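Data first, discussion second: the structure below is written as structure tokens.
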Number of protein chains: 2
Amino acid sequence: MAKPLNIAVAGLGTVGTGVVRLLAENAKVLERRCGRKLDVVAVSARDKTKDRGIDLAGVRWFDDPVNMAKAPGIDVVVELIGGSGGVARSVVETAIKAGRAVVTANKALLAHHGTELAMAAERKGVPLAFEAAVAGGIPIIKALREGLAGNRVRRVYGILNGTCNYILTEMRRTGRDFEEVLEEAQDKGYAEADPSFDVDGIDAAHKLAVLSAVAFGARVNFKAVHVEGIRHVTAMDIAFADELGFRIKLLGLAARTDAGIEQRVHPCLVRLGTPIAHVEGVFNAVVAEGDFVGQAVFQGRGAGQGPTASAVASDLVDIARGVRVPTFSVPAKALDRARPVPMTRHTGAYYIRLMVTDRPGVIADVTATFRDQNISLESMLQRARDPKEAVPVVLVTHETRESSMRRALAKIAALDTVQEPPRVIRIEEP
Amino acid sequence: MAKPLNIAVAGLGTVGTGVVRLLAENAKVLERRCGRKLDVVAVSARDKTKDRGIDLAGVRWFDDPVNMAKAPGIDVVVELIGGSGGVARSVVETAIKAGRAVVTANKALLAHHGTELAMAAERKGVPLAFEAAVAGGIPIIKALREGLAGNRVRRVYGILNGTCNYILTEMRRTGRDFEEVLEEAQDKGYAEADPSFDVDGIDAAHKLAVLSAVAFGARVNFKAVHVEGIRHVTAMDIAFADELGFRIKLLGLAARTDAGIEQRVHPCLVRLGTPIAHVEGVFNAVVAEGDFVGQAVFQGRGAGQGPTASAVASDLVDIARGVRVPTFSVPAKALDRARPVPMTRHTGAYYIRLMVTDRPGVIADVTATFRDQNISLESMLQRARDPKEAVPVVLVTHETRESSMRRALAKIAALDTVQEPPRVIRIEEP
């Protein structure tokens with residue numbers, strides 16, 4: 001039996017507590033799988049007196065996680081503090097410098113500093129593992145880095161934020177609007193008091209940046225992600241989408257094209273019958289498309305104590321077993337500096353909803369504008385008729401270029417019969 | 001740059017050809033990921049003159065794959081011959097004895113000899129990898145052995161045979177019966193001339209035996225798998241299932257209970273809305289339930305050249321990168337000799353269809369028999385009325401024990417108003 005793996009946990013919130021609990025409850029099965037014990041020997045958190053329902057007897061306590069990261073007798077530092085810089089970053093950098101393996105669930109840190117941290121870790125010869133940073137319990141990092149490593153990945157996309165998926169699911173189920181459902185999600189603890197990180201797409205963008213680095217063997221490039229959140233999705237659009245045979249999902253999408261790497265987070269219409277359309281509530285799902293495997297779909301809980309602890313534990317098992325693979329699937333110094341593809345060059349189909357004055361000639365003006373931009377329409381919905389109020393008109397286009405669409409929409413928005421800014425949601429085909 | 005990984009491929013059918021093609025087409029990306037080249041240096045197949053559309057210039061040809069398995073200058077032997085014994089087994093045993101790593105797609109071999117082969121490989125210190133043996137391109141072996149390694153897995157189940165799923169999907173889509181759809185599947189190349197291996201559930205049972213060994217860290221126990229195929233599934237039952245809100249799928253299911261390990265392959269009713277119900281055609285899907293991760297779902301192509309080659313390549317990448325993990329997730333000599341749970345002890349809900357004479361008292365007799373066995377009914381469907389012909393009666397039970405069900409069915413079958421043997425399909429709840 002090899003010597004135990006000595007683990008230090010920085011941060012004892014929901015996830016940190018879960019990791020300690022998992023390592024205790026499943027100690028025996030982990031020992032069988034790894035051929036050695038996985039021992040929590042040190043922890044650090046803000047409040048030493050708080051009862052977290054876990055046994056910390058015999059575990060060293062550190063008030064300062066950075067001191068813990070370089071303390072002797074530690075093999076792995078698990079960083080569960082969070083945040084793109086500050087203490088979390090210091091803990092990870094210090095641990096690497098001290099020659100410790102690092103496991104982190106911190107997507108913000110990796111999105112902003114992933115490439116440099118991977119370089120530092122690989123120079124030092126220590127693993128930097130982050131299964132828990134993307135899609136919670138779904139082992140998608142391992143799947144891309146190892147399970148699908150025979151493939152050139154063309155595209156990877158998915159539902160990466162459970163809060164947004166919960167809100168969109170509830171909006172559809174109940175017909176209520178965003179603000180109301182958000183409040184309820186906050187009451188239930190599914191959304192933060194400051195929901196911006198989730199609902200404005202930033203959290204999904206962090207995860208997407210990490211995911212696409214692994215999928216394409218490219219430097220993490222968070223700044224290149226085009227980000228839109230779900231605040232402007234209305235119950236009306238969800239209902240129209242339903243009628244057209246779609247669900248609205250916040251997706252993170254990354255694709256490698258001849259022009260470079262496209263990364264975008266925004267609400268999408270996805271066709272009913274595709275696997276991703278049926279992923280509801282707080283669940284996450286990731287679809288990876290490889291040149292040999294075709295489409296592979298991974299689905300599970302995207303957050304929460306158990307799933308996230310499961311992901312952290314899988315990294316610890318790898319480290320305990322001596323598994324060593326490149327951080328982002330190829331050695332950090334060989335990562336592609338891929339050109340980002342600007343959003344204006346995106347091509348795809350679009351859903352557009354206009355609120356127009358119900359009078360003759362309106363549709364002619366709108367369709368003429370699309371024609372002038374060479375945009376062809378697949379379908380149009382106009383149901384309500386009311387000469388006194390604005391009525392919705394929904395248009396679905398064939399594939400077109402984002403830049404053409406933007407030009408067309410600017411002209412349409414300026415028509416005096418169009419009473420609100422056009423609502424646009426991109427359609428994503430599988 | 002480390003020295004190349006020298007690969008020998010035994011068997012150049014669809015999969016073998018695909019592996020050679022993948023290693024050639026994706027050579028550059030594989031080299032980046034592994035830090036070394038993956039070179040096919042030797043092949044063996046029956047027909048040397050056949051044009052397979054792959055370049056074998058400079059590759060050593062062996063008429064005898066067993067000789068190839070022990071030839072000098074080879075690091076990994078990829079066994080793609082197939083079959084539970086014979087040449088395939090000799091190739092794998094010889095390769096291990098000669099200290100070569102082995103990659104195989106051969107579920108039959110592993111189902112019958114997996115434990116002993118793992119022991120031999122681990123004694124010799126060489127990897128024995130088999131991602132391609134279960135669920136084609138879906139990296140489910142890696143997911144269970146590594147990605148979910150922090151969990152105690154309670155249950156793993158899925159659609160493991162694409163041929164059966166294709167047939168069942170087509171039966172539902174077209175309303176046609178088994179024999180007719182099977183013939184069409186044979187014409188299209190989705191089913192073999194001798195379809196028994198697929199449609200009688202044996203192939204799924206091989207895969208399930210391998211899957212449950214990895215999931216539970218237990219010795220492979222193919223003999224303990226309860227196996228039923230899809231020959232007795234009728235278009236009528238598929239239609240009734242539809243009406244009740246279910247799909248019929250051939251599932252392989254393994255669960256760890258207090259009594260031991262339950263392994264079974266049989267048609268199931270699965271509720272619409274569950275991920276597995278919507279997996280159609282030749283696709284496979286596997287659901288794993290862990291104590292921390294909850295439910296994780298993996299979906300993709302279960303067979304075919306590309307997906308299987310992708311799985312073989314992922315094993316080769318692991319070997320090239322020096323990744324070493326226990327064959328069945330714990331060292332072979334420590335694998336559980338778990339007690340198999342006999343099918344009679346299974347508990348679950350049941351769908352039963354009877355063909356009865358339409359006269360008073362029939363239902364009373366049937367329901368009295370269920371009551372005598374303490375089986376309670378959830379619902380009953382009786383639609384057609386015809387005093388001259390047998391009419392179908394469908395019953396759905398609450399959870400009950402298989403042994404009680406069998407006793408009840410024996411009595412019901414003996415009623416003179418029951419004109420055909422009762423059709424029974426188990427209901428699987430998520």
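By convention in this document, the chains of the structure tokens carry letters A, B, ... by their order, each chain's residues are numbered from 1, and ligands are numbered from 1 in the order they are shown.
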Residues of chain B within 7 Å of chain A, counting only C-alpha atoms, as a ChimeraX atom specification: /B:30,32-33,137-139,142-143,146-151,292-300,306-307,310,313-314,317,321,323-325,329-330
DSSP-assigned helix (DSSP H, G or I) members of segment 387-425 of chain A, reported as a ChimeraX atom specification: /A:402-414
Residues of segment 77-154 of chain A that have any atom at most 12 Å from an atom of segment 176-200 of chain A: could you tabulate them with the shortest-distance atom pair and the distance in Å to one decimal, using only C-alpha atoms, ordered by chain and increasing number, as JSON lines?
```
{"residue": "A:Gly83", "atom": "CA", "partner": "A:Phe197", "partner_atom": "CA", "distance": 11.3}
{"residue": "A:Lys107", "atom": "CA", "partner": "A:Phe197", "partner_atom": "CA", "distance": 12.0}
{"residue": "A:Ala108", "atom": "CA", "partner": "A:Phe197", "partner_atom": "CA", "distance": 10.4}
```
Could you name the residues that touch Val103 of chain B at 7 Å or less, counting only C-alpha atoms, but leaving out those on the same chain fewer than 6 positions away, as a compact mmCIF listing (two decimals) with N, CA and C atoms, in the first residue's frame?
```txt
# COMPACT_ATOMS: atom_id res chain seq x y z
N VAL B 77 -0.91 -4.14 -28.56
CA VAL B 77 -1.65 -4.97 -29.50
C VAL B 77 -3.13 -4.59 -29.41
N VAL B 78 -3.72 -4.23 -30.54
CA VAL B 78 -5.14 -3.89 -30.59
C VAL B 78 -5.88 -5.10 -31.16
N GLU B 79 -6.70 -5.73 -30.33
CA GLU B 79 -7.41 -6.94 -30.75
C GLU B 79 -8.80 -6.59 -31.23
N LEU B 128 -4.71 -3.27 -19.83
CA LEU B 128 -5.71 -3.98 -20.65
C LEU B 128 -6.90 -3.02 -20.74
N ALA B 129 -7.09 -2.44 -21.91
CA ALA B 129 -8.08 -1.36 -22.05
C ALA B 129 -9.17 -1.77 -23.03
N PHE B 130 -10.39 -1.30 -22.79
CA PHE B 130 -11.52 -1.83 -23.56
C PHE B 130 -12.67 -0.83 -23.67
N VAL B 312 -11.29 3.15 -29.32
CA VAL B 312 -9.98 2.48 -29.35
C VAL B 312 -8.86 3.52 -29.23
N ASP B 315 -8.17 4.77 -25.73
CA ASP B 315 -7.32 3.84 -24.97
C ASP B 315 -5.86 3.98 -25.37
```
DSSP strand (DSSP E or B) residues within segment 163-327 of chain A, listed as a ChimeraX atom specification: /A:218,226-227,246-257,260-271,283-290,294-301
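Neighbouring residues of Pro4 of chain B at 9 Å or closer, counting only C-alpha atoms and skipping chain neighbours under 6 positions away, are Arg36, Lys37, Leu38, Asp39 and Ala320 of chain B.
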Neighbour list for segment 228-238 of chain B as a count of residues only, cut-off 8 Å, only C-alpha atoms, skip fewer than 6 positions in-chain: 20
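Distances to Gln382 of chain B were evaluated for B:Asp358, B:Ala45, B:Met405, B:Asp51 using only C-alpha atoms, and the minimum falls at B:Asp358.
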Between atom CA of Asp55 of chain B and atom CA of Leu5 of chain B, distance in Å (one decimal): 18.4 Å
Interatomic distance, atom CA of Val270 of chain A to atom CA of Glu428 of chain B (Å, one decimal):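 Separating atom CA of Val270 of chain A from atom CA of Glu428 of chain B is a distance of 28.7 Å.
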Nearest to Tyr350 of chain A by atom-to-atom distance, counting only C-alpha atoms, from A:Ala364, A:Leu269, A:Val15, A:Ala120: A:Leu269
Who sits within 10 Å of Arg383 of chain A, only C-alpha atoms, same chain under 3 positions skipped, as an MDAnalysis selection string: chainID A and resid 380 386 391:394
Once you have the residues from the selection above, write them out as a compact mmCIF listing (two decimals), in the first residue's frame, restricted to N, CA and C atoms.
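Resulting contents of out.txt:
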```txt
# COMPACT_ATOMS: atom_id res chain seq x y z
N MET A 380 -43.27 32.88 -40.92
CA MET A 380 -43.74 34.09 -40.26
C MET A 380 -45.00 33.77 -39.50
N ASP A 386 -55.10 43.94 -33.92
CA ASP A 386 -55.64 44.98 -33.05
C ASP A 386 -55.17 46.33 -33.58
N VAL A 391 -48.96 44.78 -32.21
CA VAL A 391 -49.15 43.32 -32.26
C VAL A 391 -47.81 42.65 -32.60
N PRO A 392 -47.62 41.45 -32.09
CA PRO A 392 -46.36 40.77 -32.36
C PRO A 392 -46.33 40.13 -33.75
N VAL A 393 -45.21 40.23 -34.39
CA VAL A 393 -44.95 39.51 -35.64
C VAL A 393 -43.66 38.72 -35.44
N VAL A 394 -43.73 37.43 -35.68
CA VAL A 394 -42.53 36.59 -35.49
C VAL A 394 -42.03 36.11 -36.83
```
